[in-house]
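K.L.:
File follows, entry.pdb with PDB, C-alpha atoms and all ligand atoms:
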```
ATOM      1  CA  MET Y   1       5.833 -39.009  -2.244  1.00  0.00           C
ATOM      2  CA  THR Y   2       3.760 -38.288  -5.337  1.00  0.00           C
ATOM      3  CA  LEU Y   3       1.053 -36.384  -3.550  1.00  0.00           C
ATOM      4  CA  GLN Y   4       1.329 -33.402  -5.898  1.00  0.00           C
ATOM      5  CA  LYS Y   5       0.547 -35.459  -8.982  1.00  0.00           C
ATOM      6  CA  ARG Y   6      -2.403 -37.189  -7.381  1.00  0.00           C
ATOM      7  CA  ILE Y   7      -4.214 -34.026  -6.470  1.00  0.00           C
ATOM      8  CA  ARG Y   8      -6.953 -33.060  -8.873  1.00  0.00           C
ATOM      9  CA  PRO Y   9      -6.756 -29.476 -10.097  1.00  0.00           C
ATOM     10  CA  GLY Y  10      -9.903 -27.432  -9.533  1.00  0.00           C
ATOM     11  CA  ALA Y  11     -11.919 -25.810  -6.815  1.00  0.00           C
ATOM     12  CA  ASN Y  12     -11.260 -27.892  -3.731  1.00  0.00           C
ATOM     13  CA  GLU Y  13      -8.203 -29.657  -4.988  1.00  0.00           C
ATOM     14  CA  ALA Y  14      -6.365 -29.420  -1.722  1.00  0.00           C
ATOM     15  CA  ASP Y  15      -8.882 -31.610   0.018  1.00  0.00           C
ATOM     16  CA  ARG Y  16      -9.205 -34.551  -2.299  1.00  0.00           C
ATOM     17  CA  LEU Y  17      -7.166 -37.148  -4.037  1.00  0.00           C
ATOM     18  CA  VAL Y  18      -8.239 -38.221  -7.498  1.00  0.00           C
ATOM     19  CA  SER Y  19      -9.815 -41.290  -5.952  1.00  0.00           C
ATOM     20  CA  GLY Y  20     -12.128 -39.033  -3.978  1.00  0.00           C
ATOM     21  CA  THR Y  21     -10.546 -39.806  -0.636  1.00  0.00           C
ATOM     22  CA  ILE Y  22     -10.475 -36.824   1.674  1.00  0.00           C
ATOM     23  CA  ILE Y  23      -6.980 -36.046   2.902  1.00  0.00           C
ATOM     24  CA  ASP Y  24      -6.241 -33.736   5.772  1.00  0.00           C
ATOM     25  CA  ARG Y  25      -5.976 -30.039   5.048  1.00  0.00           C
ATOM     26  CA  THR Y  26      -2.230 -29.824   4.952  1.00  0.00           C
ATOM     27  CA  PHE Y  27      -1.683 -28.805   1.365  1.00  0.00           C
ATOM     28  CA  LYS Y  28      -3.323 -26.383  -1.004  1.00  0.00           C
ATOM     29  CA  THR Y  29      -2.765 -25.402  -4.611  1.00  0.00           C
ATOM     30  CA  CYS Y  30      -1.989 -21.748  -5.246  1.00  0.00           C
ATOM     31  CA  THR Y  31      -4.478 -20.412  -7.805  1.00  0.00           C
ATOM     32  CA  SER Y  32      -1.758 -18.209  -9.286  1.00  0.00           C
ATOM     33  CA  CYS Y  33       1.420 -20.307  -9.608  1.00  0.00           C
ATOM     34  CA  ARG Y  34      -0.524 -23.625  -9.464  1.00  0.00           C
ATOM     35  CA  VAL Y  35       2.072 -25.118  -7.114  1.00  0.00           C
ATOM     36  CA  VAL Y  36       0.864 -27.350  -4.292  1.00  0.00           C
ATOM     37  CA  LYS Y  37       2.188 -25.850  -1.100  1.00  0.00           C
ATOM     38  CA  CYS Y  38       1.990 -26.319   2.641  1.00  0.00           C
ATOM     39  CA  LEU Y  39      -0.870 -24.389   4.240  1.00  0.00           C
ATOM     40  CA  VAL Y  40       1.587 -22.300   6.258  1.00  0.00           C
ATOM     41  CA  GLU Y  41       2.548 -20.655   2.971  1.00  0.00           C
ATOM     42  CA  PHE Y  42      -0.929 -19.157   2.661  1.00  0.00           C
ATOM     43  CA  ALA Y  43      -2.197 -16.228   4.695  1.00  0.00           C
ATOM     44  CA  VAL Y  44      -5.244 -16.850   6.884  1.00  0.00           C
ATOM     45  CA  ASP Y  45      -8.401 -15.318   5.434  1.00  0.00           C
ATOM     46  CA  ARG Y  46     -11.567 -16.172   7.320  1.00  0.00           C
ATOM     47  CA  SER Y  47     -13.794 -14.780   4.590  1.00  0.00           C
ATOM     48  CA  LYS Y  48     -12.698 -17.647   2.312  1.00  0.00           C
ATOM     49  CA  PRO Y  49     -14.374 -21.074   2.573  1.00  0.00           C
ATOM     50  CA  THR Y  50     -10.984 -22.760   3.010  1.00  0.00           C
ATOM     51  CA  GLY Y  51      -9.960 -20.268   5.686  1.00  0.00           C
ATOM     52  CA  PHE Y  52      -6.949 -19.247   3.628  1.00  0.00           C
ATOM     53  CA  ARG Y  53      -6.128 -16.928   0.777  1.00  0.00           C
ATOM     54  CA  PRO Y  54      -6.323 -18.648  -2.631  1.00  0.00           C
ATOM     55  CA  VAL Y  55      -2.853 -17.408  -3.637  1.00  0.00           C
ATOM     56  CA  CYS Y  56       0.339 -18.262  -1.810  1.00  0.00           C
ATOM     57  CA  ALA Y  57       2.340 -15.664   0.119  1.00  0.00           C
ATOM     58  CA  LEU Y  58       4.999 -15.500  -2.598  1.00  0.00           C
ATOM     59  CA  CYS Y  59       2.490 -14.798  -5.361  1.00  0.00           C
ATOM     60  CA  ARG Y  60       0.715 -12.321  -3.132  1.00  0.00           C
ATOM     61  CA  ALA Y  61       3.976 -10.437  -2.495  1.00  0.00           C
ATOM     62  CA  ASP Y  62       4.637 -10.300  -6.256  1.00  0.00           C
ATOM     63  CA  TYR Y  63       1.139  -9.024  -6.823  1.00  0.00           C
ATOM     64  CA  ASP Y  64       1.483  -6.351  -4.148  1.00  0.00           C
ATOM     65  CA  LEU Y  65       4.800  -5.180  -5.572  1.00  0.00           C
ATOM     66  CA  GLU Y  66       3.356  -5.025  -9.071  1.00  0.00           C
ATOM     67  CA  ARG Y  67       0.343  -3.116  -7.856  1.00  0.00           C
ATOM     68  CA  ARG Y  68       2.479  -0.639  -5.911  1.00  0.00           C
ATOM     69  CA  ARG Y  69       4.540  -0.010  -9.029  1.00  0.00           C
ATOM     70  CA  ALA Y  70       1.540   0.406 -11.325  1.00  0.00           C
ATOM     71  CA  GLU Y  71      -0.696   2.248  -8.881  1.00  0.00           C
ATOM     72  CA  PRO Y  72       1.457   4.010  -6.293  1.00  0.00           C
ATOM     73  CA  HIS Y  73      -1.450   6.160  -5.125  1.00  0.00           C
ATOM     74  CA  HIS Y  74      -2.822   3.369  -2.939  1.00  0.00           C
ATOM     75  CA  ALA Y  75       0.425   3.316  -0.986  1.00  0.00           C
ATOM     76  CA  TRP Y  76       0.588   7.139  -0.900  1.00  0.00           C
ATOM     77  CA  GLU Y  77      -2.867   7.316   0.579  1.00  0.00           C
ATOM     78  CA  ALA Y  78      -2.253   4.575   3.122  1.00  0.00           C
ATOM     79  CA  ASP Y  79       0.995   6.257   4.121  1.00  0.00           C
ATOM     80  CA  TYR Y  80      -0.767   9.594   4.564  1.00  0.00           C
ATOM     81  CA  ARG Y  81      -3.451   8.036   6.758  1.00  0.00           C
ATOM     82  CA  ARG Y  82      -0.795   6.286   8.829  1.00  0.00           C
ATOM     83  CA  ARG Y  83       1.096   9.531   9.368  1.00  0.00           C
ATOM     84  CA  CYS Y  84      -2.083  11.380  10.371  1.00  0.00           C
ATOM     85  CA  ARG Y  85      -2.967   8.651  12.831  1.00  0.00           C
ATOM     86  CA  ALA Y  86       0.500   8.805  14.362  1.00  0.00           C
ATOM     87  CA  ARG Y  87      -0.009  12.531  14.990  1.00  0.00           C
ATOM     88  CA  SER Y  88      -3.663  12.385  16.073  1.00  0.00           C
ATOM     89  CA  LEU Y  89      -4.707  14.377  13.021  1.00  0.00           C
ATOM     90  CA  LEU Y  90      -7.881  13.725  11.134  1.00  0.00           C
ATOM     91  CA  PRO Y  91      -6.936  12.593   7.591  1.00  0.00           C
ATOM     92  CA  VAL Y  92      -8.470  14.639   4.776  1.00  0.00           C
ATOM     93  CA  VAL Y  93      -8.258  12.679   1.537  1.00  0.00           C
ATOM     94  CA  ARG Y  94      -9.487  13.416  -1.964  1.00  0.00           C
ATOM     95  CA  SER Y  95      -8.160  10.421  -3.892  1.00  0.00           C
ATOM     96  CA  PHE Y  96      -6.181  10.867  -7.084  1.00  0.00           C
ATOM     97  CA  THR Y  97      -4.122   8.598  -9.308  1.00  0.00           C
ATOM     98  CA  ARG Y  98      -0.525   8.992 -10.428  1.00  0.00           C
ATOM     99  CA  ASP Y  99      -1.798  10.016 -13.879  1.00  0.00           C
ATOM    100  CA  GLU Y 100      -3.954  12.752 -12.403  1.00  0.00           C
ATOM    101  CA  LEU Y 101      -1.041  14.039 -10.337  1.00  0.00           C
ATOM    102  CA  VAL Y 102       1.177  14.188 -13.425  1.00  0.00           C
ATOM    103  CA  GLU Y 103      -1.553  15.876 -15.429  1.00  0.00           C
ATOM    104  CA  VAL Y 104      -1.820  18.694 -12.888  1.00  0.00           C
ATOM    105  CA  HIS Y 105       1.816  19.139 -11.851  1.00  0.00           C
ATOM    106  CA  GLY Y 106       3.812  17.638 -14.728  1.00  0.00           C
ATOM    107  CA  ASP Y 107       5.912  14.485 -14.851  1.00  0.00           C
ATOM    108  CA  HIS Y 108       8.918  15.999 -13.083  1.00  0.00           C
ATOM    109  CA  CYS Y 109      10.112  17.251  -9.700  1.00  0.00           C
ATOM    110  CA  VAL Y 110       8.267  20.502  -8.888  1.00  0.00           C
ATOM    111  CA  ASP Y 111      11.466  21.949  -7.510  1.00  0.00           C
ATOM    112  CA  CYS Y 112      14.402  21.063  -9.782  1.00  0.00           C
ATOM    113  CA  GLY Y 113      12.498  19.788 -12.808  1.00  0.00           C
ATOM    114  CA  GLY Y 114      14.355  16.451 -12.778  1.00  0.00           C
ATOM    115  CA  PRO Y 115      12.881  12.960 -12.508  1.00  0.00           C
ATOM    116  CA  TRP Y 116      10.716  12.428  -9.433  1.00  0.00           C
ATOM    117  CA  ASP Y 117      10.237   9.451  -7.160  1.00  0.00           C
ATOM    118  CA  GLN Y 118       8.395  10.834  -4.159  1.00  0.00           C
ATOM    119  CA  LEU Y 119       5.163  12.544  -3.266  1.00  0.00           C
ATOM    120  CA  ASP Y 120       5.452  15.916  -1.595  1.00  0.00           C
ATOM    121  CA  HIS Y 121       2.775  17.393   0.631  1.00  0.00           C
ATOM    122  CA  ARG Y 122       3.206  21.147   0.087  1.00  0.00           C
ATOM    123  CA  ILE Y 123       1.727  21.849   3.507  1.00  0.00           C
ATOM    124  CA  PRO Y 124       3.350  19.025   5.455  1.00  0.00           C
ATOM    125  CA  VAL Y 125       1.194  16.237   6.842  1.00  0.00           C
ATOM    126  CA  ALA Y 126       2.493  17.035  10.329  1.00  0.00           C
ATOM    127  CA  ALA Y 127       1.285  20.619   9.894  1.00  0.00           C
ATOM    128  CA  GLY Y 128      -2.235  19.576   8.980  1.00  0.00           C
ATOM    129  CA  GLY Y 129      -1.691  19.209   5.212  1.00  0.00           C
ATOM    130  CA  THR Y 130      -4.397  17.461   3.213  1.00  0.00           C
ATOM    131  CA  HIS Y 131      -4.001  14.609   0.748  1.00  0.00           C
ATOM    132  CA  ASP Y 132      -5.354  15.945  -2.533  1.00  0.00           C
ATOM    133  CA  LEU Y 133      -4.193  17.316  -5.862  1.00  0.00           C
ATOM    134  CA  ASP Y 134      -3.872  20.837  -4.451  1.00  0.00           C
ATOM    135  CA  ASN Y 135      -1.473  19.853  -1.725  1.00  0.00           C
ATOM    136  CA  CYS Y 136       0.356  16.908  -3.334  1.00  0.00           C
ATOM    137  CA  ARG Y 137       3.112  17.281  -5.896  1.00  0.00           C
ATOM    138  CA  PRO Y 138       5.778  15.109  -7.496  1.00  0.00           C
ATOM    139  CA  ILE Y 139       9.245  15.690  -6.046  1.00  0.00           C
ATOM    140  CA  CYS Y 140      12.690  14.061  -6.067  1.00  0.00           C
ATOM    141  CA  GLN Y 141      14.348  12.755  -2.934  1.00  0.00           C
ATOM    142  CA  PRO Y 142      17.083  15.456  -2.603  1.00  0.00           C
ATOM    143  CA  CYS Y 143      14.558  18.272  -3.085  1.00  0.00           C
ATOM    144  CA  ASN Y 144      12.212  16.653  -0.598  1.00  0.00           C
ATOM    145  CA  SER Y 145      14.925  16.422   2.060  1.00  0.00           C
ATOM    146  CA  ARG Y 146      15.928  20.023   1.425  1.00  0.00           C
ATOM    147  CA  LYS Y 147      12.316  21.150   1.706  1.00  0.00           C
ATOM    148  CA  LEU Y 148      11.983  19.247   4.961  1.00  0.00           C
ATOM    149  CA  PHE Y 149      14.813  21.264   6.519  1.00  0.00           C
ATOM    150  CA  GLU Y 150      14.149  24.609   4.911  1.00  0.00           C
ATOM    151  CA  SER Y 151      10.398  24.970   5.083  1.00  0.00           C
ATOM    152  CA  ASP Y 152       8.614  21.938   6.519  1.00  0.00           C
ATOM    153  CA  ARG Y 153      10.283  21.950   9.921  1.00  0.00           C
ATOM    154  CA  PRO Y 154       9.634  25.619  10.707  1.00  0.00           C
ATOM    155  CA  ARG Y 155       6.075  25.198   9.501  1.00  0.00           C
ATOM    156  CA  ILE Y 156       5.498  22.106  11.633  1.00  0.00           C
ATOM    157  CA  ALA Y 157       7.016  23.860  14.649  1.00  0.00           C
ATOM    158  CA  LYS Y 158       4.603  26.784  14.217  1.00  0.00           C
ATOM    159  CA  PHE Y 159       1.688  24.410  13.828  1.00  0.00           C
ATOM    160  CA  ARG Y 160       2.644  22.591  17.001  1.00  0.00           C
ATOM    161  CA  ALA Y 161       3.216  25.841  18.864  1.00  0.00           C
ATOM    162  CA  GLY Y 162      -0.521  26.256  18.897  1.00  0.00           C
ATOM    163  CA  GLN Y 163      -1.546  27.853  15.663  1.00  0.00           C
ATOM    164  CA  VAL Y 164      -5.168  26.888  15.598  1.00  0.00           C
ATOM    165  CA  CYS Y 165      -6.167  24.402  12.985  1.00  0.00           C
ATOM    166  CA  PRO Y 166      -9.741  23.111  13.039  1.00  0.00           C
ATOM    167  CA  ARG Y 167      -8.454  19.746  11.857  1.00  0.00           C
ATOM    168  CA  ALA Y 168      -6.207  19.165  14.804  1.00  0.00           C
ATOM    169  CA  VAL Y 169      -7.595  16.534  17.102  1.00  0.00           C
ATOM    170  CA  THR Y 170      -6.117  16.626  20.555  1.00  0.00           C
ATOM    171  CA  SER Y 171      -6.569  13.778  22.922  1.00  0.00           C
TER     172      SER Y 171
HETATM  173 ZN    ZN Q   1       1.722 -19.087  -5.746  1.00  0.00          ZN
HETATM  174 ZN    ZN Q   2      14.046  17.863  -7.393  1.00  0.00          ZN
END
```
Any chance you could give the structure as structure tokens?
P.N.:
Amino acid sequence: MTLQKRIRPGANEADRLVSGTIIDRTFKTCTSCRVVKCLVEFAVDRSKPTGFRPVCALCRADYDLERRRAEPHHAWEADYRRRCRARSLLPVVRSFTRDELVEVHGDHCVDCGGPWDQLDHRIPVAAGGTHDLDNCRPICQPCNSRKLFESDRPRIAKFRAGQVCPRAVTS
């Protein structure tokens, strides 16, 4: 089957053969890798005229990974919001980038001074901590785990024991 070769590259390539004959919507060309793929390899996106994302799932995953690496703050923020939601806390976010974090706190673990790979919330999220440059700091995994046991847990316990926090939303 030489279907791939007969499809004209361009806007609605998936729908037409070079002859102009409409074929059924079974295939689509990824706008990133330019490979003609089965529609099941594209995520549904109703805002698009075709009903699918223009890039295939594989390219999209690559893009997401790249973006997470280059701009980790999107994932940090989403993670913070998720954790607030899980605890019925109202998220308080003042967005910042990785560069801004490093500028304020340095490009090293706030605790041991070594390389860092995690984001620490000084006042833990579960104790009503906010997501901003005052409360967020770079930290390494071992220091973060230690902090969790030594200071976060007691702090969270106190918070849950009824210390009033205007941000706490109880259902
Ligand atoms: Zn692709
Ligand atoms: Zn450390």
K.L.:
What's around Y:His121 at 12 Å? Count all atoms listed in the file, leave out sequence neighbours fewer than 5 positions away in its own chain, and write the answer as a compact mmCIF listing (two decimals) with C-alpha atoms, keeping the file's coordinate frame.
P.N.:
```txt
# COMPACT_ATOMS: atom_id res chain seq x y z
CA TRP Y 76 0.59 7.14 -0.90
CA GLU Y 77 -2.87 7.32 0.58
CA ASP Y 79 1.00 6.26 4.12
CA TYR Y 80 -0.77 9.59 4.56
CA ARG Y 83 1.10 9.53 9.37
CA VAL Y 110 8.27 20.50 -8.89
CA ALA Y 126 2.49 17.04 10.33
CA ALA Y 127 1.28 20.62 9.89
CA GLY Y 128 -2.24 19.58 8.98
CA GLY Y 129 -1.69 19.21 5.21
CA THR Y 130 -4.40 17.46 3.21
CA HIS Y 131 -4.00 14.61 0.75
CA ASP Y 132 -5.35 15.94 -2.53
CA LEU Y 133 -4.19 17.32 -5.86
CA ASP Y 134 -3.87 20.84 -4.45
CA ASN Y 135 -1.47 19.85 -1.72
CA CYS Y 136 0.36 16.91 -3.33
CA ARG Y 137 3.11 17.28 -5.90
CA PRO Y 138 5.78 15.11 -7.50
CA ILE Y 139 9.24 15.69 -6.05
CA ASN Y 144 12.21 16.65 -0.60
CA LYS Y 147 12.32 21.15 1.71
CA LEU Y 148 11.98 19.25 4.96
CA SER Y 151 10.40 24.97 5.08
CA ASP Y 152 8.61 21.94 6.52
```
K.L.:
Per residue of chain Y within 12 Å of ligand ZN 1 (chain Q), record the nearest atom pair and its distance in Å to one decimal, counting all atoms listed in the file, with rows in chain order and ascending residue number, as JSON lines.
P.N.:
```
{"residue": "Y:Lys28", "atom": "CA", "partner": "Q:ZN1", "partner_atom": "ZN", "distance": 10.1}
{"residue": "Y:Thr29", "atom": "CA", "partner": "Q:ZN1", "partner_atom": "ZN", "distance": 7.8}
{"residue": "Y:Cys30", "atom": "CA", "partner": "Q:ZN1", "partner_atom": "ZN", "distance": 4.6}
{"residue": "Y:Thr31", "atom": "CA", "partner": "Q:ZN1", "partner_atom": "ZN", "distance": 6.7}
{"residue": "Y:Ser32", "atom": "CA", "partner": "Q:ZN1", "partner_atom": "ZN", "distance": 5.0}
{"residue": "Y:Cys33", "atom": "CA", "partner": "Q:ZN1", "partner_atom": "ZN", "distance": 4.1}
{"residue": "Y:Arg34", "atom": "CA", "partner": "Q:ZN1", "partner_atom": "ZN", "distance": 6.3}
{"residue": "Y:Val35", "atom": "CA", "partner": "Q:ZN1", "partner_atom": "ZN", "distance": 6.2}
{"residue": "Y:Val36", "atom": "CA", "partner": "Q:ZN1", "partner_atom": "ZN", "distance": 8.4}
{"residue": "Y:Lys37", "atom": "CA", "partner": "Q:ZN1", "partner_atom": "ZN", "distance": 8.2}
{"residue": "Y:Cys38", "atom": "CA", "partner": "Q:ZN1", "partner_atom": "ZN", "distance": 11.1}
{"residue": "Y:Leu39", "atom": "CA", "partner": "Q:ZN1", "partner_atom": "ZN", "distance": 11.6}
{"residue": "Y:Glu41", "atom": "CA", "partner": "Q:ZN1", "partner_atom": "ZN", "distance": 8.9}
{"residue": "Y:Phe42", "atom": "CA", "partner": "Q:ZN1", "partner_atom": "ZN", "distance": 8.8}
{"residue": "Y:Ala43", "atom": "CA", "partner": "Q:ZN1", "partner_atom": "ZN", "distance": 11.5}
{"residue": "Y:Arg53", "atom": "CA", "partner": "Q:ZN1", "partner_atom": "ZN", "distance": 10.4}
{"residue": "Y:Pro54", "atom": "CA", "partner": "Q:ZN1", "partner_atom": "ZN", "distance": 8.6}
{"residue": "Y:Val55", "atom": "CA", "partner": "Q:ZN1", "partner_atom": "ZN", "distance": 5.3}
{"residue": "Y:Cys56", "atom": "CA", "partner": "Q:ZN1", "partner_atom": "ZN", "distance": 4.3}
{"residue": "Y:Ala57", "atom": "CA", "partner": "Q:ZN1", "partner_atom": "ZN", "distance": 6.8}
{"residue": "Y:Leu58", "atom": "CA", "partner": "Q:ZN1", "partner_atom": "ZN", "distance": 5.8}
{"residue": "Y:Cys59", "atom": "CA", "partner": "Q:ZN1", "partner_atom": "ZN", "distance": 4.4}
{"residue": "Y:Arg60", "atom": "CA", "partner": "Q:ZN1", "partner_atom": "ZN", "distance": 7.3}
{"residue": "Y:Ala61", "atom": "CA", "partner": "Q:ZN1", "partner_atom": "ZN", "distance": 9.5}
{"residue": "Y:Asp62", "atom": "CA", "partner": "Q:ZN1", "partner_atom": "ZN", "distance": 9.3}
{"residue": "Y:Tyr63", "atom": "CA", "partner": "Q:ZN1", "partner_atom": "ZN", "distance": 10.1}
```
K.L.:
Quick check, in Å to one decimal: how far apart do atom CA of Y:Pro154 and atom CA of Y:Gln118 lie?
P.N.:
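Computed distance, atom CA of Y:Pro154 to atom CA of Y:Gln118, equals 21.0 Å.
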K.L.:
Give the residue list for ligand ZN 2 (chain Q) at 7 Å, counting only C-alpha atoms and all ligand atoms, as a PyMOL selection string, sorted by chain and then by residue number.
P.N.:
chain Y and resi 109-114+116+139-143
K.L.:
Please, what distance in Å, to one decimal, runs between atom CA of Y:Arg153 and atom CA of Y:Asp120?
P.N.:
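Separation between atom CA of Y:Arg153 and atom CA of Y:Asp120: 13.9 Å.
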K.L.:
For atom CA of Y:Thr26 and atom CA of Y:Val40, quote the distance in Å rounded to one decimal.
P.N.:
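That distance, rounded to one decimal, is 8.5 Å.
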K.L.:
Centre and edge lengths of an axis-aligned box around all listed atoms of stretch 33-42 of chain Y, with 3 Å added on each side, are to be given in Å to one decimal, as lines of an AutoDock Vina configuration file.
P.N.:
```
center_x = 0.8
center_y = -23.3
center_z = -1.7
size_x = 9.5
size_y = 14.2
size_z = 21.9
```
K.L.:
Taking the file above as input, evaluate the PyMOL selection byres (((chain Y and resi 85) around 12) and not hetatm) and report the hits as a list in words.
P.N.:
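Taken on the displayed file, the PyMOL selection byres (((chain Y and resi 85) around 12) and not hetatm) yields the residues Ala78, Asp79, Tyr80, Arg81, Arg82, Arg83, Cys84, Ala86, Arg87, Ser88, Leu89, Leu90, Pro91, Val92, Val125, Ala126, Gly128, Ala168, Val169, Thr170 and Ser171 of chain Y.
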K.L.:
I need the residue nearest Y:Arg68 from this list: Y:Arg98, Y:Phe149, Y:Ala157, Y:His105. Use all atoms listed in the file for the distance.
P.N.:
Y:Arg98
K.L.:
Taking all atoms listed in the file into account, name the residue in Y:Phe52, Y:Asp64, Y:Pro72, Y:Phe159 that is nearest to Y:Ile123.
P.N.:
Y:Phe159
K.L.:
Give me stretch 59-73 of chain Y with N, CA and C atoms filled in, as a short mmCIF file (atom, residue, chain, number, x, y, z; two decimals), in the coordinates of the input.
P.N.:
```
data_model
loop_
_atom_site.label_atom_id
_atom_site.label_comp_id
_atom_site.auth_asym_id
_atom_site.auth_seq_id
_atom_site.Cartn_x
_atom_site.Cartn_y
_atom_site.Cartn_z
N CYS Y 59 3.24 -15.40 -4.25
CA CYS Y 59 2.49 -14.80 -5.36
C CYS Y 59 1.85 -13.50 -4.90
N ARG Y 60 1.36 -13.50 -3.68
CA ARG Y 60 0.72 -12.32 -3.13
C ARG Y 60 1.72 -11.16 -3.04
N ALA Y 61 2.94 -11.47 -2.61
CA ALA Y 61 3.98 -10.44 -2.50
C ALA Y 61 4.30 -9.86 -3.87
N ASP Y 62 4.38 -10.74 -4.87
CA ASP Y 62 4.64 -10.30 -6.26
C ASP Y 62 3.53 -9.36 -6.71
N TYR Y 63 2.31 -9.80 -6.41
CA TYR Y 63 1.14 -9.02 -6.82
C TYR Y 63 1.15 -7.65 -6.16
N ASP Y 64 1.45 -7.62 -4.88
CA ASP Y 64 1.48 -6.35 -4.15
C ASP Y 64 2.53 -5.41 -4.72
N LEU Y 65 3.70 -5.98 -5.03
CA LEU Y 65 4.80 -5.18 -5.57
C LEU Y 65 4.41 -4.58 -6.92
N GLU Y 66 3.79 -5.44 -7.74
CA GLU Y 66 3.36 -5.03 -9.07
C GLU Y 66 2.32 -3.90 -8.97
N ARG Y 67 1.42 -4.09 -8.04
CA ARG Y 67 0.34 -3.12 -7.86
C ARG Y 67 0.91 -1.79 -7.35
N ARG Y 68 1.87 -1.86 -6.43
CA ARG Y 68 2.48 -0.64 -5.91
C ARG Y 68 3.19 0.12 -7.02
N ARG Y 69 3.81 -0.64 -7.93
CA ARG Y 69 4.54 -0.01 -9.03
C ARG Y 69 3.57 0.64 -10.02
N ALA Y 70 2.49 -0.08 -10.33
CA ALA Y 70 1.54 0.41 -11.32
C ALA Y 70 0.61 1.47 -10.75
N GLU Y 71 0.26 1.32 -9.49
CA GLU Y 71 -0.70 2.25 -8.88
C GLU Y 71 -0.18 2.72 -7.53
N PRO Y 72 0.83 3.60 -7.56
CA PRO Y 72 1.46 4.01 -6.29
C PRO Y 72 0.53 4.79 -5.38
N HIS Y 73 -0.60 5.31 -5.95
CA HIS Y 73 -1.45 6.16 -5.12
C HIS Y 73 -2.10 5.43 -3.96
#
```
